[in-house]
$ cat structure_23.cif   # mmCIF, C-alpha atoms and all ligand atoms
data_coords
#
loop_
_atom_site.group_PDB
_atom_site.id
_atom_site.type_symbol
_atom_site.label_atom_id
_atom_site.label_comp_id
_atom_site.auth_asym_id
_atom_site.auth_seq_id
_atom_site.Cartn_x
_atom_site.Cartn_y
_atom_site.Cartn_z
ATOM 1 C CA MET D 1 -32.896 -30.715 -113.857
ATOM 2 C CA ILE D 2 -33.213 -27.523 -115.893
ATOM 3 C CA VAL D 3 -32.955 -26.994 -119.652
ATOM 4 C CA LEU D 4 -31.196 -23.851 -120.867
ATOM 5 C CA GLY D 5 -31.468 -22.679 -124.432
ATOM 6 C CA PHE D 6 -30.409 -19.934 -126.777
ATOM 7 C CA LYS D 7 -32.987 -17.766 -128.518
ATOM 8 C CA GLU D 8 -32.564 -19.154 -132.043
ATOM 9 C CA TYR D 9 -33.376 -22.715 -130.946
ATOM 10 C CA GLU D 10 -35.801 -21.859 -128.154
ATOM 11 C CA SER D 11 -38.840 -23.676 -129.474
ATOM 12 C CA GLN D 12 -37.105 -27.072 -129.753
ATOM 13 C CA ALA D 13 -35.310 -26.591 -126.396
ATOM 14 C CA LYS D 14 -38.640 -25.830 -124.713
ATOM 15 C CA LYS D 15 -40.126 -29.006 -126.233
ATOM 16 C CA ILE D 16 -37.283 -31.012 -124.685
ATOM 17 C CA ALA D 17 -37.909 -29.375 -121.286
ATOM 18 C CA THR D 18 -41.627 -30.137 -121.550
ATOM 19 C CA ALA D 19 -40.921 -33.785 -122.436
ATOM 20 C CA LEU D 20 -38.598 -33.962 -119.409
ATOM 21 C CA ALA D 21 -41.191 -32.207 -117.200
ATOM 22 C CA CYS D 22 -38.535 -29.746 -116.011
ATOM 23 C CA ASP D 23 -38.025 -25.983 -116.107
ATOM 24 C CA TYR D 24 -36.727 -24.084 -119.112
ATOM 25 C CA ALA D 25 -34.747 -20.847 -119.000
ATOM 26 C CA GLY D 26 -33.108 -18.768 -121.704
ATOM 27 C CA ILE D 27 -29.419 -17.905 -121.956
ATOM 28 C CA ASP D 28 -28.995 -14.197 -122.733
ATOM 29 C CA HIS D 29 -26.274 -13.070 -125.082
ATOM 30 C CA ARG D 30 -25.308 -10.064 -127.071
ATOM 31 C CA ASN D 31 -22.355 -8.775 -129.024
ATOM 32 C CA PHE D 32 -20.313 -5.763 -128.042
ATOM 33 C CA PRO D 33 -19.644 -3.264 -130.846
ATOM 34 C CA ASP D 34 -16.269 -4.944 -131.455
ATOM 35 C CA GLY D 35 -17.904 -8.347 -131.964
ATOM 36 C CA GLU D 36 -16.998 -9.913 -128.627
ATOM 37 C CA SER D 37 -19.789 -11.814 -126.855
ATOM 38 C CA LEU D 38 -21.467 -11.292 -123.503
ATOM 39 C CA VAL D 39 -23.300 -14.367 -122.226
ATOM 40 C CA LYS D 40 -25.469 -14.622 -119.100
ATOM 41 C CA VAL D 41 -27.025 -17.756 -117.584
ATOM 42 C CA PRO D 42 -29.665 -17.837 -114.838
ATOM 43 C CA THR D 43 -28.008 -17.803 -111.413
ATOM 44 C CA SER D 44 -30.154 -20.341 -109.594
ATOM 45 C CA LEU D 45 -29.460 -23.636 -111.292
ATOM 46 C CA THR D 46 -30.158 -27.259 -110.464
ATOM 47 C CA GLU D 47 -27.296 -29.752 -110.182
ATOM 48 C CA HIS D 48 -28.033 -31.210 -113.616
ATOM 49 C CA VAL D 49 -28.144 -28.602 -116.348
ATOM 50 C CA VAL D 50 -28.933 -29.423 -119.983
ATOM 51 C CA ILE D 51 -27.804 -26.822 -122.512
ATOM 52 C CA VAL D 52 -29.476 -27.095 -125.914
ATOM 53 C CA ARG D 53 -27.976 -25.460 -128.974
ATOM 54 C CA SER D 54 -27.764 -26.668 -132.551
ATOM 55 C CA LEU D 55 -24.322 -25.864 -133.946
ATOM 56 C CA HIS D 56 -24.703 -24.935 -137.620
ATOM 57 C CA TYR D 57 -22.811 -21.806 -138.676
ATOM 58 C CA PRO D 58 -20.920 -22.652 -135.525
ATOM 59 C CA ASN D 59 -18.012 -20.342 -134.855
ATOM 60 C CA ASP D 60 -19.731 -17.661 -132.756
ATOM 61 C CA LYS D 61 -22.118 -20.215 -131.287
ATOM 62 C CA LEU D 62 -19.251 -22.340 -129.979
ATOM 63 C CA ILE D 63 -17.635 -19.493 -128.063
ATOM 64 C CA GLU D 64 -20.984 -18.466 -126.550
ATOM 65 C CA LEU D 65 -21.667 -22.085 -125.636
ATOM 66 C CA LEU D 66 -18.359 -22.430 -123.799
ATOM 67 C CA PHE D 67 -19.002 -19.169 -121.923
ATOM 68 C CA ALA D 68 -22.452 -20.475 -120.946
ATOM 69 C CA ALA D 69 -21.024 -23.823 -119.787
ATOM 70 C CA SER D 70 -18.413 -22.126 -117.646
ATOM 71 C CA ALA D 71 -20.943 -19.717 -116.108
ATOM 72 C CA ALA D 72 -23.370 -22.585 -115.447
ATOM 73 C CA ARG D 73 -20.659 -24.509 -113.549
ATOM 74 C CA LYS D 74 -19.948 -21.395 -111.474
ATOM 75 C CA HIS D 75 -23.630 -21.091 -110.604
ATOM 76 C CA GLY D 76 -24.257 -24.604 -109.402
ATOM 77 C CA ALA D 77 -24.215 -27.065 -112.298
ATOM 78 C CA LYS D 78 -22.527 -30.269 -111.170
ATOM 79 C CA ARG D 79 -23.477 -32.162 -114.304
ATOM 80 C CA LEU D 80 -23.636 -30.466 -117.674
ATOM 81 C CA THR D 81 -25.254 -32.131 -120.652
ATOM 82 C CA LEU D 82 -24.900 -30.603 -124.095
ATOM 83 C CA VAL D 83 -27.654 -31.328 -126.583
ATOM 84 C CA ALA D 84 -26.379 -30.267 -129.999
ATOM 85 C CA PRO D 85 -28.884 -31.754 -132.473
ATOM 86 C CA TYR D 86 -26.586 -30.699 -135.302
ATOM 87 C CA LEU D 87 -22.989 -31.148 -134.232
ATOM 88 C CA CYS D 88 -20.495 -29.108 -136.227
ATOM 89 C CA TYR D 89 -17.012 -29.962 -137.496
ATOM 90 C CA MET D 90 -17.499 -33.727 -137.516
ATOM 91 C CA ARG D 91 -16.522 -34.112 -141.188
ATOM 92 C CA GLN D 92 -12.845 -33.143 -141.034
ATOM 93 C CA ASP D 93 -11.476 -36.252 -139.338
ATOM 94 C CA ILE D 94 -8.063 -36.406 -141.013
ATOM 95 C CA GLU D 95 -5.469 -34.035 -142.397
ATOM 96 C CA ASN D 96 -6.442 -34.296 -146.081
ATOM 97 C CA VAL D 97 -3.668 -31.901 -147.035
ATOM 98 C CA PRO D 98 -0.604 -31.531 -144.779
ATOM 99 C CA GLY D 99 -1.089 -28.573 -142.470
ATOM 100 C CA GLU D 100 -4.896 -28.747 -142.265
ATOM 101 C CA ALA D 101 -6.381 -28.653 -138.764
ATOM 102 C CA VAL D 102 -8.272 -31.847 -137.884
ATOM 103 C CA SER D 103 -11.304 -29.937 -136.654
ATOM 104 C CA GLN D 104 -13.281 -32.995 -135.525
ATOM 105 C CA LYS D 105 -10.668 -33.908 -132.915
ATOM 106 C CA ILE D 106 -10.082 -30.319 -131.796
ATOM 107 C CA ILE D 107 -13.763 -29.516 -131.265
ATOM 108 C CA GLY D 108 -14.381 -32.955 -129.725
ATOM 109 C CA LYS D 109 -11.660 -32.392 -127.137
ATOM 110 C CA ILE D 110 -12.919 -28.905 -126.249
ATOM 111 C CA LEU D 111 -16.491 -30.160 -125.770
ATOM 112 C CA SER D 112 -15.273 -33.058 -123.624
ATOM 113 C CA GLU D 113 -13.491 -30.597 -121.339
ATOM 114 C CA HIS D 114 -16.661 -28.568 -120.720
ATOM 115 C CA PHE D 115 -19.492 -31.108 -120.714
ATOM 116 C CA ASP D 116 -20.188 -34.422 -118.989
ATOM 117 C CA ASP D 117 -22.470 -35.675 -121.743
ATOM 118 C CA VAL D 118 -22.883 -34.700 -125.383
ATOM 119 C CA ILE D 119 -25.981 -35.822 -127.270
ATOM 120 C CA THR D 120 -26.430 -35.319 -130.975
ATOM 121 C CA ILE D 121 -28.387 -36.644 -133.957
ATOM 122 C CA ASP D 122 -26.838 -38.342 -137.007
ATOM 123 C CA PRO D 123 -23.358 -36.818 -136.767
ATOM 124 C CA HIS D 124 -21.408 -37.070 -140.000
ATOM 125 C CA LEU D 125 -18.814 -39.619 -138.898
ATOM 126 C CA HIS D 126 -16.822 -40.682 -141.891
ATOM 127 C CA ARG D 127 -13.912 -42.911 -140.966
ATOM 128 C CA ILE D 128 -14.867 -43.622 -137.346
ATOM 129 C CA ASP D 129 -17.779 -45.650 -135.974
ATOM 130 C CA LYS D 130 -18.383 -44.182 -132.569
ATOM 131 C CA LEU D 131 -18.900 -40.595 -131.477
ATOM 132 C CA ASN D 132 -16.601 -41.035 -128.479
ATOM 133 C CA GLU D 133 -13.702 -41.533 -130.885
ATOM 134 C CA ALA D 134 -14.296 -37.879 -131.769
ATOM 135 C CA ILE D 135 -15.457 -36.617 -128.356
ATOM 136 C CA PRO D 136 -13.545 -38.460 -125.642
ATOM 137 C CA LEU D 137 -16.443 -38.861 -123.201
ATOM 138 C CA LYS D 138 -18.184 -42.018 -121.964
ATOM 139 C CA ASN D 139 -21.473 -40.302 -122.705
ATOM 140 C CA ALA D 140 -20.836 -39.072 -126.233
ATOM 141 C CA ILE D 141 -24.200 -40.156 -127.566
ATOM 142 C CA SER D 142 -25.272 -40.329 -131.178
ATOM 143 C CA LEU D 143 -28.982 -40.811 -131.866
ATOM 144 C CA SER D 144 -30.584 -41.337 -135.243
ATOM 145 C CA ALA D 145 -33.520 -39.564 -136.801
ATOM 146 C CA GLY D 146 -33.752 -42.509 -139.227
ATOM 147 C CA PRO D 147 -36.743 -44.262 -137.622
ATOM 148 C CA ALA D 148 -38.784 -41.034 -137.413
ATOM 149 C CA LEU D 149 -37.889 -39.963 -140.961
ATOM 150 C CA GLY D 150 -38.638 -43.496 -142.184
ATOM 151 C CA GLN D 151 -42.076 -43.403 -140.609
ATOM 152 C CA PHE D 152 -42.745 -40.034 -142.215
ATOM 153 C CA ILE D 153 -41.679 -41.343 -145.643
ATOM 154 C CA LYS D 154 -43.852 -44.414 -145.207
ATOM 155 C CA ASN D 155 -46.870 -42.254 -144.394
ATOM 156 C CA HIS D 156 -46.316 -39.848 -147.300
ATOM 157 C CA THR D 157 -45.167 -41.986 -150.224
ATOM 158 C CA GLU D 158 -46.290 -45.128 -151.966
ATOM 159 C CA ASN D 159 -43.922 -47.918 -153.010
ATOM 160 C CA ALA D 160 -40.981 -45.593 -152.514
ATOM 161 C CA LEU D 161 -37.541 -46.488 -153.769
ATOM 162 C CA LEU D 162 -35.038 -45.037 -151.310
ATOM 163 C CA PHE D 163 -31.900 -43.605 -152.858
ATOM 164 C CA GLY D 164 -28.554 -42.882 -151.210
ATOM 165 C CA PRO D 165 -26.481 -40.400 -153.230
ATOM 166 C CA ASP D 166 -23.107 -41.655 -151.941
ATOM 167 C CA GLY D 167 -21.475 -44.524 -150.071
ATOM 168 C CA GLU D 168 -21.675 -42.733 -146.726
ATOM 169 C CA SER D 169 -25.461 -42.511 -146.944
ATOM 170 C CA ARG D 170 -25.758 -46.316 -147.026
ATOM 171 C CA GLN D 171 -25.940 -46.515 -143.208
ATOM 172 C CA TRP D 172 -29.073 -44.323 -143.066
ATOM 173 C CA VAL D 173 -30.697 -45.551 -146.277
ATOM 174 C CA ALA D 174 -30.303 -49.276 -145.539
ATOM 175 C CA PHE D 175 -31.604 -48.771 -142.012
ATOM 176 C CA ILE D 176 -34.718 -46.849 -143.110
ATOM 177 C CA ALA D 177 -35.410 -49.282 -145.978
ATOM 178 C CA GLU D 178 -35.332 -52.160 -143.506
ATOM 179 C CA GLU D 179 -37.587 -50.274 -141.066
ATOM 180 C CA ILE D 180 -40.279 -49.475 -143.600
ATOM 181 C CA GLY D 181 -39.775 -52.457 -145.901
ATOM 182 C CA CYS D 182 -38.845 -50.973 -149.269
ATOM 183 C CA GLU D 183 -36.136 -51.207 -151.927
ATOM 184 C CA TYR D 184 -33.055 -49.026 -151.987
ATOM 185 C CA ALA D 185 -30.157 -48.124 -154.268
ATOM 186 C CA ILE D 186 -26.860 -46.436 -153.436
ATOM 187 C CA ALA D 187 -24.961 -44.250 -155.902
ATOM 188 C CA GLN D 188 -21.283 -43.306 -156.136
ATOM 189 C CA LYS D 189 -20.376 -39.668 -155.676
ATOM 190 C CA VAL D 190 -17.207 -37.759 -156.398
ATOM 191 C CA ARG D 191 -16.908 -34.282 -154.927
ATOM 192 C CA LYS D 192 -14.476 -32.106 -156.831
ATOM 193 C CA GLY D 193 -15.300 -28.864 -155.032
ATOM 194 C CA ASP D 194 -17.777 -27.310 -152.586
ATOM 195 C CA ARG D 195 -20.364 -26.937 -155.368
ATOM 196 C CA ASP D 196 -19.054 -29.450 -157.848
ATOM 197 C CA VAL D 197 -20.232 -33.043 -157.404
ATOM 198 C CA SER D 198 -20.751 -35.815 -159.902
ATOM 199 C CA ILE D 199 -22.866 -38.875 -159.297
ATOM 200 C CA GLU D 200 -23.013 -42.266 -160.953
ATOM 201 C CA LEU D 201 -26.353 -44.087 -160.750
ATOM 202 C CA PRO D 202 -26.227 -47.790 -159.925
ATOM 203 C CA HIS D 203 -27.948 -50.127 -162.421
ATOM 204 C CA PHE D 204 -31.617 -50.388 -161.516
ATOM 205 C CA ASP D 205 -34.976 -50.319 -163.253
ATOM 206 C CA TYR D 206 -35.971 -46.765 -162.321
ATOM 207 C CA SER D 207 -38.839 -46.338 -164.759
ATOM 208 C CA GLY D 208 -42.120 -45.394 -163.122
ATOM 209 C CA LYS D 209 -40.612 -45.321 -159.606
ATOM 210 C CA SER D 210 -41.252 -42.712 -156.953
ATOM 211 C CA VAL D 211 -37.861 -42.056 -155.360
ATOM 212 C CA THR D 212 -36.917 -40.497 -152.035
ATOM 213 C CA ILE D 213 -33.297 -39.361 -151.792
ATOM 214 C CA ILE D 214 -32.004 -39.809 -148.234
ATOM 215 C CA ASP D 215 -28.976 -38.048 -146.782
ATOM 216 C CA ASP D 216 -27.742 -36.910 -143.403
ATOM 217 C CA MET D 217 -27.448 -33.302 -144.545
ATOM 218 C CA ALA D 218 -27.916 -30.950 -147.426
ATOM 219 C CA SER D 219 -25.809 -27.833 -147.663
ATOM 220 C CA THR D 220 -25.347 -26.409 -151.168
ATOM 221 C CA GLY D 221 -27.947 -28.928 -152.310
ATOM 222 C CA GLN D 222 -25.696 -30.052 -155.183
ATOM 223 C CA THR D 223 -25.674 -33.692 -154.084
ATOM 224 C CA ILE D 224 -29.468 -33.828 -154.163
ATOM 225 C CA ILE D 225 -29.708 -31.776 -157.359
ATOM 226 C CA GLN D 226 -27.287 -33.957 -159.337
ATOM 227 C CA ALA D 227 -28.932 -37.144 -158.071
ATOM 228 C CA SER D 228 -32.373 -35.829 -158.930
ATOM 229 C CA LYS D 229 -31.387 -34.858 -162.494
ATOM 230 C CA LEU D 230 -30.030 -38.344 -163.191
ATOM 231 C CA LEU D 231 -33.009 -40.079 -161.621
ATOM 232 C CA LEU D 232 -35.481 -38.046 -163.689
ATOM 233 C CA GLN D 233 -33.475 -38.792 -166.852
ATOM 234 C CA ALA D 234 -33.620 -42.481 -165.899
ATOM 235 C CA GLY D 235 -37.422 -42.394 -165.891
ATOM 236 C CA VAL D 236 -38.552 -41.928 -162.294
ATOM 237 C CA VAL D 237 -41.933 -40.229 -161.979
ATOM 238 C CA GLU D 238 -41.362 -38.362 -158.738
ATOM 239 C CA VAL D 239 -38.352 -37.365 -156.625
ATOM 240 C CA ASN D 240 -38.600 -36.327 -152.979
ATOM 241 C CA THR D 241 -35.785 -35.857 -150.517
ATOM 242 C CA ALA D 242 -35.539 -36.458 -146.782
ATOM 243 C CA VAL D 243 -32.493 -35.276 -144.848
ATOM 244 C CA THR D 244 -31.809 -35.060 -141.156
ATOM 245 C CA HIS D 245 -30.024 -31.699 -141.192
ATOM 246 C CA GLY D 246 -31.264 -28.988 -143.547
ATOM 247 C CA LEU D 247 -28.209 -26.736 -143.619
ATOM 248 C CA PHE D 248 -29.190 -25.159 -146.924
ATOM 249 C CA SER D 249 -29.675 -21.516 -147.662
ATOM 250 C CA ALA D 250 -32.925 -20.210 -149.205
ATOM 251 C CA GLU D 251 -31.081 -19.989 -152.518
ATOM 252 C CA SER D 252 -29.945 -23.614 -152.536
ATOM 253 C CA LEU D 253 -33.442 -24.743 -151.547
ATOM 254 C CA GLN D 254 -34.845 -22.944 -154.589
ATOM 255 C CA HIS D 255 -32.250 -24.680 -156.782
ATOM 256 C CA ILE D 256 -33.357 -28.020 -155.330
ATOM 257 C CA TYR D 257 -36.984 -27.326 -156.261
ATOM 258 C CA ASP D 258 -35.888 -26.044 -159.684
ATOM 259 C CA ALA D 259 -34.165 -29.406 -160.270
ATOM 260 C CA GLY D 260 -37.598 -31.046 -160.184
ATOM 261 C CA ILE D 261 -37.785 -32.255 -156.609
ATOM 262 C CA LYS D 262 -41.353 -32.352 -155.377
ATOM 263 C CA ASN D 263 -40.944 -32.368 -151.588
ATOM 264 C CA VAL D 264 -38.022 -31.536 -149.290
ATOM 265 C CA TRP D 265 -38.409 -33.017 -145.810
ATOM 266 C CA THR D 266 -36.093 -32.331 -142.858
ATOM 267 C CA THR D 267 -36.027 -32.817 -139.112
ATOM 268 C CA ASP D 268 -35.943 -29.859 -136.747
ATOM 269 C CA THR D 269 -32.301 -30.393 -135.732
ATOM 270 C CA ILE D 270 -31.991 -27.097 -137.618
ATOM 271 C CA THR D 271 -34.953 -24.742 -137.736
ATOM 272 C CA HIS D 272 -36.149 -24.528 -141.323
ATOM 273 C CA SER D 273 -39.337 -24.147 -143.338
ATOM 274 C CA THR D 274 -38.928 -27.769 -144.517
ATOM 275 C CA ASN D 275 -39.049 -29.261 -140.975
ATOM 276 C CA VAL D 276 -41.565 -32.096 -140.759
ATOM 277 C CA VAL D 277 -40.108 -34.331 -138.040
ATOM 278 C CA SER D 278 -39.396 -33.223 -134.473
ATOM 279 C CA ILE D 279 -36.455 -34.782 -132.629
ATOM 280 C CA GLY D 280 -37.427 -33.413 -129.173
ATOM 281 C CA ASP D 281 -38.946 -36.600 -127.759
ATOM 282 C CA LEU D 282 -36.076 -38.757 -129.002
ATOM 283 C CA ILE D 283 -33.609 -36.548 -127.147
ATOM 284 C CA ALA D 284 -35.713 -36.267 -123.993
ATOM 285 C CA GLU D 285 -36.089 -40.070 -123.784
ATOM 286 C CA LYS D 286 -32.308 -40.453 -123.942
ATOM 287 C CA ILE D 287 -31.699 -37.794 -121.296
ATOM 288 C CA LYS D 288 -34.049 -39.670 -118.949
ATOM 289 C CA LEU D 289 -31.786 -42.717 -119.277
ATOM 290 C CA ILE D 290 -28.412 -41.111 -118.610
HETATM 291 C C1 LIG F 301 -21.523 -35.723 -147.502
HETATM 292 O O1 LIG F 301 -21.029 -36.817 -147.680
HETATM 293 C C2 LIG F 301 -22.875 -35.548 -146.911
HETATM 294 O O2 LIG F 301 -23.456 -36.758 -146.545
HETATM 295 C C3 LIG F 301 -23.788 -34.813 -147.832
HETATM 296 O O3 LIG F 301 -24.006 -35.596 -148.992
HETATM 297 C C4 LIG F 301 -23.212 -33.494 -148.231
HETATM 298 O O4 LIG F 301 -22.741 -32.790 -147.121
HETATM 299 C C5 LIG F 301 -24.253 -32.671 -148.961
HETATM 300 O O5 LIG F 301 -23.684 -31.450 -149.299
HETATM 301 P P1 LIG F 301 -24.227 -30.570 -150.496
HETATM 302 O O6 LIG F 301 -25.683 -30.333 -150.243
HETATM 303 O O7 LIG F 301 -23.411 -29.321 -150.416
HETATM 304 O O8 LIG F 301 -23.978 -31.330 -151.751
#

$ encode --input "structure_23.cif" --output "structure tokens"
Amino acid sequence: MIVLGFKEYESQAKKIATALACDYAGIDHRNFPDGESLVKVPTSLTEHVVIVRSLHYPNDKLIELLFAASAARKHGAKRLTLVAPYLCYMRQDIENVPGEAVSQKIIGKILSEHFDDVITIDPHLHRIDKLNEAIPLKNAISLSAGPALGQFIKNHTENALLFGPDGESRQWVAFIAEEIGCEYAIAQKVRKGDRDVSIELPHFDYSGKSVTIIDDMASTGQTIIQASKLLLQAGVVEVNTAVTHGLFSAESLQHIYDAGIKNVWTTDTITHSTNVVSIGDLIAEKIKLI
């Protein structure tokens, strides 16, 4: 087996290779002056090739990934495993407005045509339960960073109340609360626009609590910011947040801190200054089993 990775996610890809005790090699790529991509994989490959790339800000990355997959097949890969710790386009699972492309199904089908296995962490599946309903592969594998994040929260907070900012977060929040043995509350959220969310706190005695907001991802940060404002008004003494995928820009992170949040904790599915939990071993253990 060999692990191939792209430069921007090299450190995590190398960790996966080390955990698998196999070689690592980089995939070279560059843009031509007109924006088209040139991608080059190593030419001596093992039969099983694992390509690691996290797919946030995905459009260019997807094209380069497909070029790499095709070149890897040409140069000896009989089995191709994609590790995409953050898997893009999983949110749009229906045509909300007639004419909209259902990007989850489109991207899922393309990935299934190029890879034998797809492994990801906490994909944002909304109306479906299983990843292979989005990516039609037997080995469309969804892992959860919940246990590792839960352990981190347990080690860094005392008597934490876990807080899910919307109904979809219940799956992660309830799981972590059970794992580490603490209380949780789930709010209702209405999103009116990309940066316009409103949250309704559930009835709870918040006074004096230390709260950790849990979500699968943070992008503009508005979900966390609105939740934090309400929690502080309700009397909590400290608000932290733990999310699997830190998609946020530097600007939105500053807004999160400005809203009174003490600590922002993320996993390294996306490289970010807030990374505190590594998902490399979790992925490597799964690859050993497939
Ligand atoms: C949506 O349901 C997700 O779980 C997150 O709550 C959402 O993507 C966070 O986005 P933002 O940080 O832009 O509010």

$ resolve_selection --input "structure_23.cif" --expression "the PyMOL selection byres (((not hetatm)) within 9 of (chain F and resi 301))" --output "PDB file with C-alpha atoms, in the frame of the given file"
ATOM      1  CA  ARG D  91     -16.522 -34.112-141.188  1.00  0.00           C
ATOM      2  CA  HIS D 124     -21.408 -37.070-140.000  1.00  0.00           C
ATOM      3  CA  HIS D 126     -16.822 -40.682-141.891  1.00  0.00           C
ATOM      4  CA  GLY D 164     -28.554 -42.882-151.210  1.00  0.00           C
ATOM      5  CA  PRO D 165     -26.481 -40.400-153.230  1.00  0.00           C
ATOM      6  CA  ASP D 166     -23.107 -41.655-151.941  1.00  0.00           C
ATOM      7  CA  GLY D 167     -21.475 -44.524-150.071  1.00  0.00           C
ATOM      8  CA  GLU D 168     -21.675 -42.733-146.726  1.00  0.00           C
ATOM      9  CA  SER D 169     -25.461 -42.511-146.944  1.00  0.00           C
ATOM     10  CA  LYS D 189     -20.376 -39.668-155.676  1.00  0.00           C
ATOM     11  CA  ARG D 191     -16.908 -34.282-154.927  1.00  0.00           C
ATOM     12  CA  ASP D 194     -17.777 -27.310-152.586  1.00  0.00           C
ATOM     13  CA  ARG D 195     -20.364 -26.937-155.368  1.00  0.00           C
ATOM     14  CA  ASP D 196     -19.054 -29.450-157.848  1.00  0.00           C
ATOM     15  CA  VAL D 197     -20.232 -33.043-157.404  1.00  0.00           C
ATOM     16  CA  ASP D 215     -28.976 -38.048-146.782  1.00  0.00           C
ATOM     17  CA  ASP D 216     -27.742 -36.910-143.403  1.00  0.00           C
ATOM     18  CA  MET D 217     -27.448 -33.302-144.545  1.00  0.00           C
ATOM     19  CA  ALA D 218     -27.916 -30.950-147.426  1.00  0.00           C
ATOM     20  CA  SER D 219     -25.809 -27.833-147.663  1.00  0.00           C
ATOM     21  CA  THR D 220     -25.347 -26.409-151.168  1.00  0.00           C
ATOM     22  CA  GLY D 221     -27.947 -28.928-152.310  1.00  0.00           C
ATOM     23  CA  GLN D 222     -25.696 -30.052-155.183  1.00  0.00           C
ATOM     24  CA  THR D 223     -25.674 -33.692-154.084  1.00  0.00           C
ATOM     25  CA  ILE D 224     -29.468 -33.828-154.163  1.00  0.00           C
ATOM     26  CA  ILE D 225     -29.708 -31.776-157.359  1.00  0.00           C
ATOM     27  CA  GLN D 226     -27.287 -33.957-159.337  1.00  0.00           C
ATOM     28  CA  GLY D 246     -31.264 -28.988-143.547  1.00  0.00           C
ATOM     29  CA  LEU D 247     -28.209 -26.736-143.619  1.00  0.00           C
ATOM     30  CA  PHE D 248     -29.190 -25.159-146.924  1.00  0.00           C
ATOM     31  CA  SER D 252     -29.945 -23.614-152.536  1.00  0.00           C
TER      32      SER D 252
END

$ closest_residue --input "structure_23.cif" --among "D:Ala242, D:Leu289, D:Pro98, D:Val39" --to "Phe67 (chain D)" --atoms "all atoms listed in the file"
D:Val39

$ resolve_selection --input "structure_23.cif" --expression "the PyMOL selection byres (((chain D and resi 49) around 12) and not hetatm)" --output "MDAnalysis selection string"
chainID D and resid 1:5 17 22:25 41:48 50:52 68:83 115:117 287

$ residues_around --input "structure_23.cif" --residues "region 199-204 of chain D" --least-positions-apart "3" --cutoff "7 Å" --atoms "all atoms listed in the file" --output "list in words"
Ala185, Ile186, Ala187, Gln188, Lys189, Val190, Gln226 and Ala227 of chain D

$ atom_distance --input "structure_23.cif" --atom1 "CA of Thr120 (chain D)" --atom2 "CA of Glu64 (chain D)"
18.3 Å

$ closest_residue --input "structure_23.cif" --among "D:Lys105, D:Arg170, D:Lys286, D:Lys7" --to "Lys61 (chain D)" --atoms "only C-alpha atoms"
D:Lys7

$ closest_residue --input "structure_23.cif" --among "D:Ala140, D:Ile27, D:Leu62, D:Ile121" --to "Ile283 (chain D)" --atoms "only C-alpha atoms"
D:Ile121

$ closest_residue --input "structure_23.cif" --among "D:Glu178, D:Arg53, D:Gly193, D:Ala21" --to "Ile270 (chain D)" --atoms "all atoms listed in the file"
D:Arg53

$ atom_distance --input "structure_23.cif" --atom1 "CA of Cys88 (chain D)" --atom2 "CA of Tyr57 (chain D)"
8.0 Å

$ resolve_selection --input "structure_23.cif" --expression "the PyMOL selection byres (((chain D and resi 180) around 12) and not hetatm)" --output "PyMOL selection string"
chain D and resi 146-162+173-179+181-184

$ decode --input "structure_23.cif" --residues "region 82-89 of chain D" --atoms "N, CA, C and O atoms" --output "compact mmCIF listing (two decimals), in the first residue's frame"
# COMPACT_ATOMS: atom_id res chain seq x y z
N LEU D 82 -10.13 6.67 -1.46
CA LEU D 82 -10.08 8.11 -1.20
C LEU D 82 -10.33 8.35 0.28
O LEU D 82 -11.33 7.88 0.84
N VAL D 83 -9.42 9.07 0.90
CA VAL D 83 -9.66 9.56 2.26
C VAL D 83 -9.89 11.07 2.13
O VAL D 83 -8.98 11.82 1.80
N ALA D 84 -11.12 11.47 2.34
CA ALA D 84 -11.47 12.90 2.30
C ALA D 84 -12.03 13.25 3.68
O ALA D 84 -13.24 13.17 3.91
N PRO D 85 -11.16 13.62 4.63
CA PRO D 85 -11.64 13.87 5.99
C PRO D 85 -12.80 14.85 6.04
O PRO D 85 -13.76 14.66 6.77
N TYR D 86 -12.72 15.93 5.25
CA TYR D 86 -13.92 16.75 5.05
C TYR D 86 -14.42 16.47 3.64
O TYR D 86 -13.68 16.64 2.66
N LEU D 87 -15.64 16.02 3.55
CA LEU D 87 -16.22 15.67 2.25
C LEU D 87 -17.21 16.75 1.84
O LEU D 87 -18.19 17.01 2.54
N CYS D 88 -16.93 17.36 0.70
CA CYS D 88 -17.71 18.52 0.25
C CYS D 88 -19.07 18.13 -0.34
O CYS D 88 -19.30 16.98 -0.69
N TYR D 89 -19.91 19.10 -0.47
CA TYR D 89 -21.19 19.00 -1.20
C TYR D 89 -22.16 17.98 -0.64
O TYR D 89 -23.03 17.50 -1.37
